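See below for structure-v8.csv, which holds CSV, C-alpha atoms.
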chain,number,residue,atom,x,y,z
A,1,MET,CA,46.2,-4.2,36.6
A,2,THR,CA,47.4,-4.5,33.1
A,3,ALA,CA,45.2,-5.0,30.1
A,4,ILE,CA,44.9,-8.5,28.7
A,5,LYS,CA,46.4,-8.7,25.2
A,6,LEU,CA,44.5,-10.7,22.6
A,7,GLY,CA,46.6,-12.1,19.7
A,8,THR,CA,44.9,-12.5,16.4
A,9,ARG,CA,45.5,-12.7,12.6
A,10,GLY,CA,44.7,-9.5,10.7
A,11,SER,CA,41.9,-10.7,8.4
A,12,LYS,CA,38.5,-9.1,8.7
A,13,LEU,CA,37.1,-12.4,10.0
A,14,ALA,CA,39.9,-12.8,12.6
A,15,LEU,CA,39.5,-9.2,13.7
A,16,TRP,CA,35.7,-9.8,14.1
A,17,GLN,CA,36.6,-12.7,16.4
A,18,ALA,CA,39.0,-10.7,18.4
A,19,HIS,CA,36.6,-7.9,18.9
A,20,ALA,CA,33.8,-10.3,19.9
A,21,THR,CA,36.3,-11.7,22.5
A,22,ARG,CA,37.1,-8.3,23.8
A,23,ASP,CA,33.5,-7.4,24.1
A,24,ALA,CA,32.7,-10.6,26.0
A,25,LEU,CA,35.5,-10.0,28.5
A,26,MET,CA,34.5,-6.3,29.0
A,27,ALA,CA,30.9,-7.4,29.7
A,28,ALA,CA,32.0,-10.0,32.2
A,29,PHE,CA,34.7,-7.8,33.8
A,30,PRO,CA,33.7,-4.2,33.4
A,31,ASP,CA,36.2,-3.0,36.0
A,32,ASP,CA,39.2,-4.5,34.1
A,33,PRO,CA,41.2,-2.4,31.7
A,34,GLU,CA,39.9,-2.8,28.1
A,35,PRO,CA,41.6,-5.8,26.5
A,36,GLU,CA,44.2,-4.9,23.8
A,37,ILE,CA,44.0,-6.5,20.3
A,38,VAL,CA,47.4,-7.4,18.9
A,39,VAL,CA,47.6,-8.3,15.2
A,40,ILE,CA,50.2,-10.9,14.3
A,41,LYS,CA,51.1,-11.9,10.7
A,42,THR,CA,51.2,-15.7,10.2
A,43,THR,CA,52.9,-17.8,7.5
A,44,GLY,CA,49.5,-19.1,6.4
A,45,ASP,CA,48.4,-15.5,5.6
A,46,GLN,CA,51.6,-14.6,3.8
A,47,VAL,CA,52.0,-17.8,1.6
A,48,ARG,CA,48.9,-18.1,-0.5
A,49,ASP,CA,50.0,-19.8,-3.7
A,50,ARG,CA,50.5,-23.3,-2.3
A,51,LEU,CA,48.4,-25.9,-0.5
A,52,LEU,CA,48.7,-25.8,3.3
A,53,SER,CA,49.5,-29.5,3.3
A,54,GLU,CA,52.6,-28.7,1.2
A,55,ILE,CA,54.0,-26.0,3.5
A,56,GLY,CA,53.4,-27.3,7.0
A,57,GLY,CA,49.6,-27.7,7.5
A,58,LYS,CA,46.9,-25.6,9.2
A,59,GLY,CA,49.3,-24.8,12.1
A,60,LEU,CA,50.7,-22.1,9.8
A,61,PHE,CA,47.7,-20.0,10.8
A,62,THR,CA,48.5,-20.3,14.5
A,63,LYS,CA,52.2,-21.0,15.2
A,64,GLU,CA,53.3,-17.3,15.2
A,65,ILE,CA,50.4,-16.4,17.5
A,66,ASP,CA,51.3,-19.3,19.9
A,67,LYS,CA,54.9,-18.2,19.8
A,68,ALA,CA,53.9,-14.7,20.9
A,69,LEU,CA,51.8,-16.2,23.6
A,70,LEU,CA,54.7,-18.3,25.0
A,71,GLU,CA,57.1,-15.3,24.8
A,72,GLY,CA,54.6,-13.2,26.8
A,73,ARG,CA,53.9,-10.7,24.1
A,74,ILE,CA,50.2,-11.6,24.3
A,75,ASP,CA,48.0,-13.3,26.9
A,76,VAL,CA,45.4,-15.0,24.8
A,77,ALA,CA,45.6,-16.5,21.3
A,78,VAL,CA,42.2,-16.1,19.6
A,79,HIS,CA,41.8,-18.9,17.1
A,80,SER,CA,39.3,-20.3,14.6
A,81,MET,CA,39.2,-23.8,16.0
A,82,LYS,CA,39.3,-25.5,12.6
A,83,ASP,CA,42.8,-24.0,12.2
A,84,VAL,CA,44.1,-25.3,15.6
A,85,GLU,CA,46.4,-28.3,15.4
A,86,THR,CA,45.3,-31.4,17.4
A,87,TRP,CA,48.2,-31.0,19.9
A,88,LEU,CA,48.9,-27.7,21.5
A,89,ALA,CA,52.3,-26.2,22.1
A,90,ASP,CA,53.8,-27.2,25.5
A,91,GLY,CA,52.9,-24.7,28.2
A,92,THR,CA,49.7,-23.7,26.6
A,93,ALA,CA,46.0,-24.7,27.3
A,94,LEU,CA,42.8,-24.4,25.3
A,95,VAL,CA,40.5,-23.1,28.0
A,96,SER,CA,37.2,-21.7,26.6
A,97,PHE,CA,35.1,-20.8,23.6
A,98,LEU,CA,32.6,-18.2,22.2
A,99,PRO,CA,29.2,-19.5,21.3
A,100,ARG,CA,29.5,-21.5,18.1
A,101,GLU,CA,28.1,-20.2,14.8
A,102,ASP,CA,26.4,-22.4,12.2
A,103,PRO,CA,29.1,-25.1,11.4
A,104,ARG,CA,27.7,-26.0,7.9
A,105,GLU,CA,29.3,-25.3,4.5
A,106,ALA,CA,28.0,-22.6,2.1
A,107,PHE,CA,27.9,-23.2,-1.6
A,108,LEU,CA,28.7,-20.1,-3.7
A,109,SER,CA,28.3,-19.8,-7.4
A,110,ALA,CA,27.2,-17.2,-10.0
A,111,SER,CA,25.6,-19.8,-12.2
A,112,ALA,CA,24.3,-22.6,-10.0
A,113,MET,CA,22.2,-23.0,-6.8
A,114,SER,CA,23.7,-26.3,-5.7
A,115,LEU,CA,26.5,-28.7,-6.3
A,116,ASP,CA,24.3,-30.9,-8.4
A,117,ASP,CA,23.4,-27.9,-10.7
A,118,LEU,CA,27.0,-27.5,-11.8
A,119,PRO,CA,27.7,-28.6,-15.4
A,120,GLU,CA,30.0,-31.6,-16.0
A,121,GLY,CA,33.7,-30.7,-15.7
A,122,ALA,CA,33.0,-27.4,-14.0
A,123,LYS,CA,35.9,-25.7,-12.2
A,124,PHE,CA,35.5,-25.7,-8.4
A,125,GLY,CA,37.8,-23.6,-6.3
A,126,THR,CA,39.1,-24.9,-2.9
A,127,ALA,CA,42.4,-25.6,-1.2
A,128,SER,CA,40.8,-27.9,1.4
A,129,ILE,CA,41.6,-31.6,1.0
A,130,ARG,CA,38.6,-32.4,3.2
A,131,ARG,CA,36.2,-30.5,0.9
A,132,THR,CA,38.0,-31.8,-2.2
A,133,ALA,CA,37.6,-35.4,-1.2
A,134,GLN,CA,33.9,-35.0,-0.3
A,135,LEU,CA,33.2,-33.1,-3.5
A,136,LEU,CA,34.9,-35.7,-5.7
A,137,ALA,CA,32.9,-38.4,-3.9
A,138,ARG,CA,29.7,-36.8,-5.2
A,139,ARG,CA,31.0,-35.2,-8.4
A,140,PRO,CA,34.2,-36.9,-9.7
A,141,ASP,CA,33.8,-35.0,-12.9
A,142,LEU,CA,34.6,-31.6,-11.3
A,143,GLU,CA,37.9,-29.9,-12.0
A,144,ILE,CA,39.4,-28.8,-8.6
A,145,VAL,CA,41.4,-25.6,-8.8
A,146,MET,CA,43.4,-24.2,-5.9
A,147,LEU,CA,41.7,-21.3,-4.1
A,148,ARG,CA,43.2,-19.8,-1.0
A,149,GLY,CA,43.0,-16.4,0.7
A,150,ASN,CA,40.5,-14.6,2.9
A,151,VAL,CA,36.8,-14.4,2.3
A,152,ASP,CA,37.0,-11.2,0.2
A,153,THR,CA,39.7,-12.7,-2.0
A,154,ARG,CA,37.9,-16.0,-2.6
A,155,ILE,CA,34.6,-14.3,-3.5
A,156,ALA,CA,36.3,-11.8,-5.8
A,157,LYS,CA,38.0,-14.6,-7.7
A,158,LEU,CA,34.6,-16.4,-8.0
A,159,GLN,CA,33.0,-13.2,-9.3
A,160,ALA,CA,35.8,-12.7,-11.8
A,161,GLY,CA,34.9,-16.1,-13.3
A,162,GLU,CA,38.1,-17.9,-12.4
A,163,MET,CA,35.9,-20.9,-11.3
A,164,ALA,CA,32.2,-21.8,-11.4
A,165,ALA,CA,31.8,-22.4,-7.7
A,166,THR,CA,33.5,-22.5,-4.3
A,167,MET,CA,32.6,-23.4,-0.8
A,168,LEU,CA,33.1,-21.4,2.5
A,169,ALA,CA,32.1,-21.9,6.0
A,170,ILE,CA,28.7,-20.2,6.5
A,171,ALA,CA,29.9,-19.1,9.9
A,172,GLY,CA,32.5,-16.7,8.5
A,173,LEU,CA,30.0,-15.3,6.0
A,174,LYS,CA,27.5,-14.7,8.7
A,175,ARG,CA,30.0,-13.0,10.9
A,176,LEU,CA,31.0,-10.7,8.1
A,177,GLY,CA,27.4,-10.0,7.1
A,178,ARG,CA,27.9,-11.8,3.7
A,179,ASP,CA,25.8,-14.9,4.1
A,180,GLY,CA,23.3,-13.5,1.6
A,181,GLU,CA,25.9,-14.3,-1.1
A,182,ALA,CA,25.6,-18.0,-0.5
A,183,ALA,CA,23.6,-19.8,-3.2
A,184,SER,CA,22.7,-22.5,-0.7
A,185,VAL,CA,23.9,-24.1,2.6
A,186,LEU,CA,24.8,-27.8,2.6
A,187,ASP,CA,23.3,-30.3,5.0
A,188,PRO,CA,26.1,-32.0,7.0
A,189,ALA,CA,25.0,-35.3,5.5
A,190,ASP,CA,26.1,-34.0,2.1
A,191,MET,CA,29.3,-32.2,3.3
A,192,LEU,CA,30.6,-32.9,6.8
A,193,PRO,CA,32.5,-29.9,8.2
A,194,ALA,CA,35.9,-29.8,9.7
A,195,ALA,CA,36.4,-30.4,13.4
A,196,GLY,CA,35.8,-27.1,15.2
A,197,GLN,CA,34.3,-25.3,12.2
A,198,GLY,CA,32.3,-22.3,13.3
A,199,ALA,CA,33.9,-22.2,16.8
A,200,VAL,CA,36.3,-19.6,18.2
A,201,GLY,CA,38.6,-20.8,21.0
A,202,PHE,CA,41.0,-19.2,23.4
A,203,VAL,CA,44.5,-20.5,24.2
A,204,CYS,CA,46.5,-19.1,27.0
A,205,ARG,CA,49.6,-20.0,29.0
A,206,ALA,CA,48.8,-22.9,31.2
A,207,ASP,CA,50.2,-21.2,34.3
A,208,ASP,CA,48.4,-17.8,33.7
A,209,THR,CA,45.8,-18.1,36.5
A,210,ARG,CA,44.3,-14.6,36.1
A,211,THR,CA,43.7,-15.0,32.3
A,212,ARG,CA,42.4,-18.5,32.7
A,213,GLU,CA,39.8,-17.3,35.3
A,214,ARG,CA,38.6,-14.6,32.9
A,215,LEU,CA,38.4,-16.9,29.9
A,216,ASP,CA,36.5,-19.5,32.0
A,217,ALA,CA,33.9,-16.9,32.8
A,218,ILE,CA,33.0,-16.4,29.2
A,219,ASN,CA,33.1,-20.0,28.2
A,220,HIS,CA,30.2,-21.4,26.2
A,221,VAL,CA,29.7,-24.9,27.6
A,222,ALA,CA,27.8,-26.5,24.7
A,223,THR,CA,30.5,-25.3,22.2
A,224,ALA,CA,33.2,-26.6,24.5
A,225,THR,CA,31.5,-30.0,24.7
A,226,GLU,CA,31.1,-30.3,20.9
A,227,VAL,CA,34.6,-29.1,20.0
A,228,THR,CA,36.2,-31.4,22.7
A,229,ALA,CA,34.4,-34.4,21.1
A,230,GLU,CA,35.5,-33.5,17.6
A,231,ARG,CA,39.1,-32.9,18.5
A,232,ALA,CA,39.2,-36.2,20.4
A,233,VAL,CA,38.3,-37.9,17.1
A,234,LEU,CA,41.4,-36.2,15.5
A,235,ALA,CA,43.6,-37.2,18.4
A,236,ARG,CA,42.6,-40.8,18.2
A,237,LEU,CA,43.2,-40.8,14.5
A,238,ASP,CA,46.4,-39.0,14.8
A,239,GLY,CA,45.1,-37.1,11.8
A,240,SER,CA,47.2,-34.6,9.8
A,241,CYS,CA,46.5,-32.0,7.1
A,242,HIS,CA,47.4,-34.7,4.5
A,243,THR,CA,44.3,-36.9,5.2
A,244,PRO,CA,40.7,-35.7,4.7
A,245,ILE,CA,39.0,-36.0,8.1
A,246,ALA,CA,35.6,-34.4,9.0
A,247,ALA,CA,33.8,-34.4,12.3
A,248,LEU,CA,30.7,-32.7,13.7
A,249,ALA,CA,29.2,-33.0,17.2
A,250,ARG,CA,25.8,-31.5,18.1
A,251,VAL,CA,24.5,-31.1,21.6
A,252,ASN,CA,20.8,-31.8,21.8
A,253,GLY,CA,19.3,-31.5,25.3
A,254,GLY,CA,21.2,-33.8,27.6
A,255,SER,CA,22.9,-35.8,24.9
A,256,MET,CA,25.2,-35.3,22.0
A,257,HIS,CA,25.3,-36.8,18.5
A,258,LEU,CA,28.7,-37.1,16.8
A,259,ASP,CA,29.4,-37.9,13.1
A,260,ALA,CA,32.9,-38.4,11.7
A,261,MET,CA,34.5,-39.6,8.5
A,262,VAL,CA,37.9,-40.3,6.9
A,263,LEU,CA,38.3,-40.3,3.1
A,264,SER,CA,40.9,-41.0,0.5
A,265,THR,CA,42.1,-37.9,-1.1
A,266,ASP,CA,40.3,-38.7,-4.4
A,267,GLY,CA,37.0,-39.4,-2.5
A,268,ARG,CA,36.7,-42.9,-3.8
A,269,GLU,CA,37.0,-44.4,-0.4
A,270,GLN,CA,35.2,-43.1,2.7
A,271,ILE,CA,34.7,-44.6,6.1
A,272,VAL,CA,32.0,-43.1,8.4
A,273,ALA,CA,31.1,-43.6,12.0
A,274,ALA,CA,28.5,-42.0,14.3
A,275,THR,CA,27.4,-42.3,17.9
A,276,GLU,CA,25.2,-40.6,20.5
A,277,GLY,CA,26.0,-40.3,24.2
A,278,PRO,CA,25.7,-38.2,27.3
A,279,LEU,CA,27.5,-34.9,27.7
A,280,THR,CA,29.5,-36.0,30.7
A,281,ASP,CA,32.5,-37.3,28.7
A,282,PRO,CA,32.8,-35.6,25.3
A,283,ALA,CA,36.5,-36.6,24.9
A,284,GLY,CA,35.6,-40.2,25.6
A,285,LEU,CA,32.8,-40.1,23.0
A,286,GLY,CA,35.1,-38.7,20.4
A,287,ASP,CA,37.9,-41.2,21.2
A,288,ALA,CA,35.4,-44.0,20.7
A,289,VAL,CA,34.3,-42.7,17.3
A,290,GLY,CA,37.9,-42.3,16.3
A,291,GLN,CA,38.6,-45.9,17.4
A,292,ASP,CA,35.6,-47.1,15.5
A,293,LEU,CA,36.9,-45.4,12.3
A,294,LEU,CA,40.3,-47.1,12.8
A,295,GLU,CA,38.6,-50.5,13.2
A,296,ARG,CA,36.6,-49.9,10.0
A,297,GLY,CA,39.7,-49.4,8.0
A,298,ALA,CA,40.7,-45.8,8.4
A,299,ARG,CA,44.2,-46.7,9.4
A,300,ALA,CA,45.1,-47.6,5.8
A,301,LEU,CA,43.7,-44.3,4.5
A,302,LEU,CA,45.6,-42.4,7.2
A,303,ALA,CA,48.8,-44.2,6.3
A,304,SER,CA,48.4,-43.2,2.6
A,305,GLY,CA,47.6,-39.6,3.3
Please, can you express the file's structure as structure tokens?
Amino acid sequence: MTAIKLGTRGSKLALWQAHATRDALMAAFPDDPEPEIVVIKTTGDQVRDRLLSEIGGKGLFTKEIDKALLEGRIDVAVHSMKDVETWLADGTALVSFLPREDPREAFLSASAMSLDDLPEGAKFGTASIRRTAQLLARRPDLEIVMLRGNVDTRIAKLQAGEMAATMLAIAGLKRLGRDGEAASVLDPADMLPAAGQGAVGFVCRADDTRTRERLDAINHVATATEVTAERAVLARLDGSCHTPIAALARVNGGSMHLDAMVLSTDGREQIVAATEGPLTDPAGLGDAVGQDLLERGARALLASG
């Protein structure tokens, strides 16, 4: 029996995710060979001086890994779910997830404890059009400056004074043991996260039965339910990296609450929708919320994005 090969980006956070996946598989299948971690360089990691929306979108963090998967060089693509495009490559399947970490946003600043504490005209570093739109909706006076790179790079630029504040997923900070550096954590009502934020998912070849069985065994059902609903919103909206879209589903007992929104890039227009329903059809729930957004006027914002 050959070892399962796990494909991943090379950042500290991506490697944490790959090691967590390896550990989960070893615990579930102790008689299998230890999974091998294969680091793959992606375009998104190599091109850091431009917005993702200008060079091909968030798929730039996944396409080389998915190519290696289809070519048989790896067996599993380990992805941060907020980086995974809505439609997967033909011949691949999203099959399972690690338990989700806190999906909220962390506010980081050397001079302020919250967004409201920033002085007028302060520089805020981010490359996310979703964060930018929601920031400008609350603080149109802020000067948005582009900030890309891994967690260490972004925090170093903040500490060097290149900007007054930035925002990162608290999930990544927790996984790297750096959550103590956050000045505060935003309520989703104030900053709705990206679909899939805080979740790690596994893509494999659709016909790879052995790998699928192993990934199914380590699947976290609540996470799968939430992410399925959030991605169904994106699918219904046919959303791209050019339009600010946010979605967050939370399982609570036997039901799930789902919030989603579409914004104009300048944050002046925002359309929101929410629903609650049973856990039996998360894709249907997400599709319904996406349709609700379209009927409320999101189609015009999507067309202008």
> Skipping near chain neighbours, those fewer than 5 positions away, what residues fall within 8 Å of Pro99 (chain A) using all atoms listed in the file, listed as a list in words?
Replying inline: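 Contacts, in chain order: Ala199, Val200, Asn219, His220, Ala222 and Thr223 of chain A.
Between CA of Lys63 (chain A) and CA of Val262 (chain A) the separation is 25.4 Å.
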> Distance CA of Thr42 (chain A)-CA of Gly201 (chain A), one decimal place?
Replying inline: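 Going from CA of Thr42 (chain A) over to CA of Gly201 (chain A) covers 17.4 Å.
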Who sits within 10 Å of region 296-300 of chain A, only C-alpha atoms, same chain under 4 positions skipped, as an mmCIF file with C-alpha atoms, in the coordinates of the input:
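Output file part_32.cif follows:
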data_model
loop_
_atom_site.group_PDB
_atom_site.id
_atom_site.type_symbol
_atom_site.label_atom_id
_atom_site.label_comp_id
_atom_site.auth_asym_id
_atom_site.auth_seq_id
_atom_site.Cartn_x
_atom_site.Cartn_y
_atom_site.Cartn_z
ATOM 1 C CA LEU A 237 43.200 -40.800 14.500
ATOM 2 C CA ASP A 238 46.400 -39.000 14.800
ATOM 3 C CA GLY A 239 45.100 -37.100 11.800
ATOM 4 C CA ILE A 245 39.000 -36.000 8.100
ATOM 5 C CA MET A 261 34.500 -39.600 8.500
ATOM 6 C CA VAL A 262 37.900 -40.300 6.900
ATOM 7 C CA LEU A 263 38.300 -40.300 3.100
ATOM 8 C CA SER A 264 40.900 -41.000 0.500
ATOM 9 C CA GLU A 269 37.000 -44.400 -0.400
ATOM 10 C CA GLN A 270 35.200 -43.100 2.700
ATOM 11 C CA ILE A 271 34.700 -44.600 6.100
ATOM 12 C CA VAL A 272 32.000 -43.100 8.400
ATOM 13 C CA ALA A 273 31.100 -43.600 12.000
ATOM 14 C CA GLY A 290 37.900 -42.300 16.300
ATOM 15 C CA GLN A 291 38.600 -45.900 17.400
ATOM 16 C CA ASP A 292 35.600 -47.100 15.500
ATOM 17 C CA SER A 304 48.400 -43.200 2.600
ATOM 18 C CA GLY A 305 47.600 -39.600 3.300
#
> Any idea what's packed within 10 Å of Arg73 (chain A), counting only C-alpha atoms, ignoring anything in its chain fewer than 6 positions away? Could you give it as a list of chain:residue names?
Replying inline: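 That gives A:Lys5, A:Leu6, A:Gly7, A:Val38, A:Ile65, A:Asp66, A:Lys67.
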>> Can you measure CA of Arg139 (chain A) to CA of Thr166 (chain A) for me? One decimal in Å is fine.
In response: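 Value for the CA of Arg139 (chain A)-CA of Thr166 (chain A) distance: 13.6 Å.
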Which neighbours of Asp266 (chain A) fall inside 12 Å, counting only C-alpha atoms, when residues of the same chain fewer than 3 positions from it are skipped, and could you give them as a compact mmCIF listing (two decimals) with C-alpha atoms, in the coordinates of the input?
# COMPACT_ATOMS: atom_id res chain seq x y z
CA ILE A 129 41.60 -31.60 1.00
CA ARG A 130 38.60 -32.40 3.20
CA ARG A 131 36.20 -30.50 0.90
CA THR A 132 38.00 -31.80 -2.20
CA ALA A 133 37.60 -35.40 -1.20
CA GLN A 134 33.90 -35.00 -0.30
CA LEU A 135 33.20 -33.10 -3.50
CA LEU A 136 34.90 -35.70 -5.70
CA ALA A 137 32.90 -38.40 -3.90
CA ARG A 138 29.70 -36.80 -5.20
CA ARG A 139 31.00 -35.20 -8.40
CA PRO A 140 34.20 -36.90 -9.70
CA ASP A 141 33.80 -35.00 -12.90
CA LEU A 142 34.60 -31.60 -11.30
CA GLU A 143 37.90 -29.90 -12.00
CA ILE A 144 39.40 -28.80 -8.60
CA THR A 243 44.30 -36.90 5.20
CA PRO A 244 40.70 -35.70 4.70
CA VAL A 262 37.90 -40.30 6.90
CA LEU A 263 38.30 -40.30 3.10
CA GLU A 269 37.00 -44.40 -0.40
CA GLN A 270 35.20 -43.10 2.70
CA LEU A 301 43.70 -44.30 4.50
CA SER A 304 48.40 -43.20 2.60
CA GLY A 305 47.60 -39.60 3.30
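Nearest residue to Glu64 (chain A), choosing from A:His257, A:Asp102, A:Trp16, A:Arg9 and counting only C-alpha atoms: A:Arg9.
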>> So, with all atoms listed in the file as the atoms that count, which of A:Thr265, A:Ser128, A:Thr8, A:Thr228 lies closest to Ile74 (chain A)?
In response: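 The closest residue to Ile74 (chain A) is A:Thr8.
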Select from region 246-298 of chain A every residue with an atom at most 12 Å from any atom of region 184-190 of chain A, then for each give the shortest pair of atoms and their distance in Å to one decimal, using all atoms listed in the file, rows by chain and rising number, as JSON lines.
{"residue": "A:Ala246", "atom": "CA", "partner": "A:Pro188", "partner_atom": "CA", "distance": 10.0}
{"residue": "A:Ala247", "atom": "CA", "partner": "A:Pro188", "partner_atom": "CA", "distance": 9.7}
{"residue": "A:Leu248", "atom": "CA", "partner": "A:Pro188", "partner_atom": "CA", "distance": 8.2}
{"residue": "A:Ala249", "atom": "CA", "partner": "A:Pro188", "partner_atom": "CA", "distance": 10.7}
{"residue": "A:Arg250", "atom": "CA", "partner": "A:Pro188", "partner_atom": "CA", "distance": 11.1}
{"residue": "A:Leu258", "atom": "CA", "partner": "A:Pro188", "partner_atom": "CA", "distance": 11.3}
{"residue": "A:Asp259", "atom": "CA", "partner": "A:Pro188", "partner_atom": "CA", "distance": 9.1}
{"residue": "A:Ala260", "atom": "CA", "partner": "A:Pro188", "partner_atom": "CA", "distance": 10.5}
{"residue": "A:Met261", "atom": "CA", "partner": "A:Ala189", "partner_atom": "CA", "distance": 10.9}
{"residue": "A:Val272", "atom": "CA", "partner": "A:Ala189", "partner_atom": "CA", "distance": 10.9}
{"residue": "A:Ala274", "atom": "CA", "partner": "A:Ala189", "partner_atom": "CA", "distance": 11.6}
List as a tab-separated table every residue of region 159-211 of chain A that is in contact with region 17-37 of chain A, defined as an atom at most 12 Å from one of its atoms (using only C-alpha atoms), together with the nearest atom pair and the distance in Å rounded to one decimal, sorted by chain and then rising number.
residue	atom	partner	partner_atom	distance
A:Ala171	CA	A:Gln17	CA	11.3
A:Gly172	CA	A:Gln17	CA	9.8
A:Arg175	CA	A:Gln17	CA	8.6
A:Leu176	CA	A:Gln17	CA	10.2
A:Gly198	CA	A:Gln17	CA	11.0
A:Ala199	CA	A:Gln17	CA	9.9
A:Val200	CA	A:Gln17	CA	7.1
A:Gly201	CA	A:Thr21	CA	9.5
A:Phe202	CA	A:Thr21	CA	8.9
A:Arg210	CA	A:Asp32	CA	11.5
A:Thr211	CA	A:Leu25	CA	10.3
Selected residues, C-alpha atoms, written as a short mmCIF file (atom, residue, chain, number, x, y, z; two decimals), in the frame of the given file, please.
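Saved as part32.cif:
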data_model
loop_
_atom_site.label_atom_id
_atom_site.label_comp_id
_atom_site.auth_asym_id
_atom_site.auth_seq_id
_atom_site.Cartn_x
_atom_site.Cartn_y
_atom_site.Cartn_z
CA ALA A 171 29.90 -19.10 9.90
CA GLY A 172 32.50 -16.70 8.50
CA ARG A 175 30.00 -13.00 10.90
CA LEU A 176 31.00 -10.70 8.10
CA GLY A 198 32.30 -22.30 13.30
CA ALA A 199 33.90 -22.20 16.80
CA VAL A 200 36.30 -19.60 18.20
CA GLY A 201 38.60 -20.80 21.00
CA PHE A 202 41.00 -19.20 23.40
CA ARG A 210 44.30 -14.60 36.10
CA THR A 211 43.70 -15.00 32.30
#
> For Ala288 (chain A), which of A:Leu234, A:Arg268, A:Thr2, A:Ala303 is the closest residue, counting all atoms listed in the file?
Replying inline: A:Leu234
>> Set the distance at 8 Å and use only C-alpha atoms: which residues neighbour Met167 (chain A) once local chain neighbours fewer than 5 positions away are removed? I'd like the list as an NGL selection string.
In response: :A and (105-108 or 125-126)
> With all atoms listed in the file as the atoms that count, which of A:Met256, A:Val95, A:Ala232, A:Val84 lies nearest to Arg214 (chain A)?
Replying inline: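 Counting all atoms listed in the file, the residue closest to Arg214 (chain A) is A:Val95.
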> For Lys82 (chain A), which residue out of A:Pro103, A:Gly10, A:Gly196, A:Gly180 is the nearest one, using all atoms listed in the file?
Replying inline: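 Smallest distance to Lys82 (chain A) is found for A:Gly196.
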> Between A:Arg236, A:Thr225, A:His79, A:Arg104, which is the closest to Asn252 (chain A) once you count only C-alpha atoms?
Replying inline: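 That would be A:Thr225, the residue with the smallest distance to Asn252 (chain A).
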